[in-house]
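Enquirer: The structure that follows is given in the form of structure tokens.
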Amino acid sequence: MLICSILLAVCCVLFMTLESRGNWDFVLWFRGRKLAALLLVGAAVSTATLLFQTISRNHILTPSIMGFDALFTLIVTLAVFTIGAAGYNHLPPELVFFVNLFLLIGAALLLFGTLLGQHRVDLMRMVLTGIIFGVLFRSLTSFVFRMIDPSEFATIQVSSYARFNYIELNLLWLAAGLTLLTLVLCWRMRRQLDVLSLGFEIATNLGEPVARRQKHALVLVAVLVAVSTALVGPVAFLGLLVVSIARLIAPNETHAVLIPLSALIAGIVLVGGQTILERVLGMSTPLAVVIDFVGGFVFLALLLRRGWT
Amino acid sequence: MIVVENLSYSVASAQILTDVSVTLPKGGITALIGPNGAGKSSLFSHIARLLPMQSGRITVDGMDVAPSNRQELARKLAILPQQAHFATRLTVKELVQFGRYPHCQGRLRTEDHEMVEASLHAFGLMPLAGRFLDTLSGGQRHKAHVAMTYAQDTDYLLLDEPLNNLDIAASRALMALLRRLADEEGKTIVIVLHDINFAAQYADHLVVLKDGRIEREGKPADMVTGALLADVFRTDAQVAVVGDTPFVMP
């Protein structure tokens with residue numbers, strides 16, 4: 001944990017200072033906001049993934065594999081389609097964000113709440129349902145794309161691809177507040193989450209209201225996914241990548257260790273990766289592509305190692 | 001004392017339990033037996049609050065088995081479900097520590113640590129305390145689970161078919177241990193069993209279920225007879241008496 005903190009600090013310092021010529025006020029302000037957004041997204045994605053894995057009691061699933069952020073993009077697309085790009089861009093972004101958030105929470109509870117509510121969660125059914133939902137949401141989105149005006153399409157495009165260079169800064173304060181609040185709630189839930197990971201029967205035996213806790217956690221996951229998707233767009237495999245690394249190096253698998261550790265690792269991956277891309281590779285590849293590429297391999301490795309042994 | 005009143009339970013159109021009323025005495029070992037599909041596990045799950053109650057009422061020492069009493073019930077009644085599978089890697093000690101959760105909500109105090117140590121000692125798990133559960137044999141893992149429910153320090157202990165997948169030595173060791181808990185520590189043990197011989201040998205009280213109803217109940221010596229096997233299990237096995245314990249010839 002200490003080593004990870006130091007590494008993250010080094011990454012942050014490098015990110016802030018490398019090749020920074022000229023006006024420090026501008027550099028600090030410009031890069032500082034970006035750094036804050038990266039750290040927020042890292043913590044939000046890693047915690048959302050961890051919580052989702054705990055309530056589904058599975059180390060392979062993530063909110064994005066289950067179609068959470070595809071759902072978010074679909075909601076944005078439908079909004080633009082129904083009220084038009086002009087109207088959409090005219091709306092205060094905070095309002096759009098909150099409407100999106102509530103729709104996402106509602107949909108998540110509806111779709112995944114019922115699935116998790118069953119006493120024995122069937123892994124295969126979960127994965128299949130998630131994949132089908134994900135494909136459904138993405139196809140609906142691209143279906144709407146085809147019917148939409150090209151200029152309106154550009155509005156949506158901004159929100160449907162992961163972007164770490166251009167970050168919606170007008171949402172940053174709102175997102176920061178919301179993420180920190182949610183993270184505090186997750187942290188206070190850490191002992192209950194430990195018990196939930198033991199499964200329905202044992203958690204019930206220990207006096208936990210399992211179904212209610214799962215719904216709480218699902219709401220927190222929806223908020224975190226909404227925040228990170230609104231800020232930088234969907235990043236498919238980041239959560240899986242960092243939570244798997246955290247589990248590998250963690251001394252024990254309690255949430256008191258895993259929540260901060262995976263957030264730290266997410267920070268290292270995002271800030272470090274962005275620094276290397278900006279300063280060394282000269283912006284040649286988007287960070288999301290690299291993360292998804294590496295994360296895809298981790299996902300395959302986990303499937304092959306754990307799934308069928 | 002666990003009192004079940006007018007409990008009925010159905011899934012889709014299948015009636016699993018029909019108007020079951022039974023009183024399980026406090027102290028000693030009570031075994032629930034019956035043929036496959038008789039509703040043993042459903043009855044167990046209702047007492048253990050693993051299934052939502054459709055109709056009827058269950059009380060443990062007068063306390064209603066209802067969602068509002070969740071925390072208090074967890075300090076009064078511990079359940080051991082059929083082999084649980086964990087997604088997380090846990091050591092034996094970490095598992096046993098979870099047994100203290102109803103008492104301390106995860107913040108272990110000195111007395112909780114003492115109870116965990118005592119439990120590890122009682123089950124001879126001290127040498128395995130730091131081992132991960134997935135590196136243990138089936139019997140050892142089982143013991144760790146029982147140790148967790150022991151650390152929960154409840155008056156009642158409910159076990160659902162705990163002898164599944166255990167060999168004869170591990171089965172006898174577990175039953176002897178339950179016997180000791182009942183005799184020396186005054187715990188009440190309710191156990192779902194498939195093997196009538198184990199029930200006859202170790203239990204004080206038998207409750208026989210058939211087709212979702214209580215068929216009969218009483219002392220093993222009076223209950224386990226050729227008539228019971230013919231009526232309830234529909235098999236004409238011989239029953240011998242060894243010492244004063246009935247023994248079903250397989």
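Going through the structure tokens in order, the chains are called A, B, and so on, while each chain numbers its residues from 1 and the ligands are numbered from 1 in the order shown.
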Quick check: residues of chain B within 8 Å of chain A, only C-alpha atoms, returned as a ChimeraX atom specification.

Expert: /B:48-50,67,70-74,77-81,84-90,98-99,101-102,105-106

Enquirer: Need to verify the contact set: region 214-227 of chain B, 7 Å, only C-alpha atoms, exclusion of same-chain residues closer than 6 positions in sequence. Can you return it as JSON, numbers by chain?

Expert: {"B": [20, 200, 204, 205, 206, 207, 208, 236, 237, 238, 239, 245, 246]}

Enquirer: Take the residues that were just selected and, keeping C-alpha atoms, output them as a compact mmCIF listing (two decimals), in the first residue's frame.

Expert:
# COMPACT_ATOMS: atom_id res chain seq x y z
CA VAL B 20 -46.57 -27.76 9.52
CA ALA B 200 -30.51 -42.92 15.72
CA ASP B 204 -32.11 -37.23 21.30
CA HIS B 205 -35.24 -36.41 19.35
CA LEU B 206 -36.35 -37.32 15.83
CA VAL B 207 -38.81 -35.40 13.68
CA VAL B 208 -39.93 -37.37 10.64
CA ASP B 236 -38.59 -52.94 3.61
CA ALA B 237 -35.21 -52.78 5.34
CA GLN B 238 -34.43 -54.88 8.40
CA VAL B 239 -33.88 -53.07 11.70
CA THR B 245 -29.76 -48.34 19.55
CA PRO B 246 -31.76 -49.38 16.51

Enquirer: Between CA of Gly28 (chain B) and CA of Thr188 (chain B), what is the spacing in Å?

Expert: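 Value for the CA of Thr188 (chain B)-CA of Gly28 (chain B) distance: 5.3 Å.
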
Enquirer: What's the 9 Å shell around region 267-278 of chain A, counting only C-alpha atoms, without same-chain residues fewer than 2 positions away, as a PyMOL selection string?

Expert: chain A and resi 4-5+7-12+14-16+18+35+38-43+164-165+238+242+262-265+280-287+290-291

Enquirer: Give me, please, the distance in Å between CA of Met147 (chain A) and CA of Leu71 (chain A), quoted to one decimal.

Expert: 18.6 Å

Enquirer: Given the choices B:Asp167, B:Val65, B:Leu181, B:Ile196, which gets closest to Ser119 (chain B) if the distance is worked out from only C-alpha atoms?

Expert: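 Using only C-alpha atoms, Ser119 (chain B) sits closest to B:Leu181.
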
Enquirer: CA of Gly295 (chain A) and CA of Val135 (chain A) are how many Å apart?

Expert: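 CA of Val135 (chain A) lies 19.1 Å from CA of Gly295 (chain A).
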
Enquirer: Return the single residue from A:Gly87, A:Pro251, A:Pro93, A:Gly239 that is closest to Leu51 (chain A), with distances computed using only C-alpha atoms.

Expert: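 Nearest candidate to Leu51 (chain A) out of A:Gly87, A:Pro251, A:Pro93, A:Gly239: A:Gly239.
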
Enquirer: As a count of residues only, please: the residues near region 136-146 of chain B (cut-off 12 Å, only C-alpha atoms, same-chain neighbours under 5 positions excluded).

Expert: 60
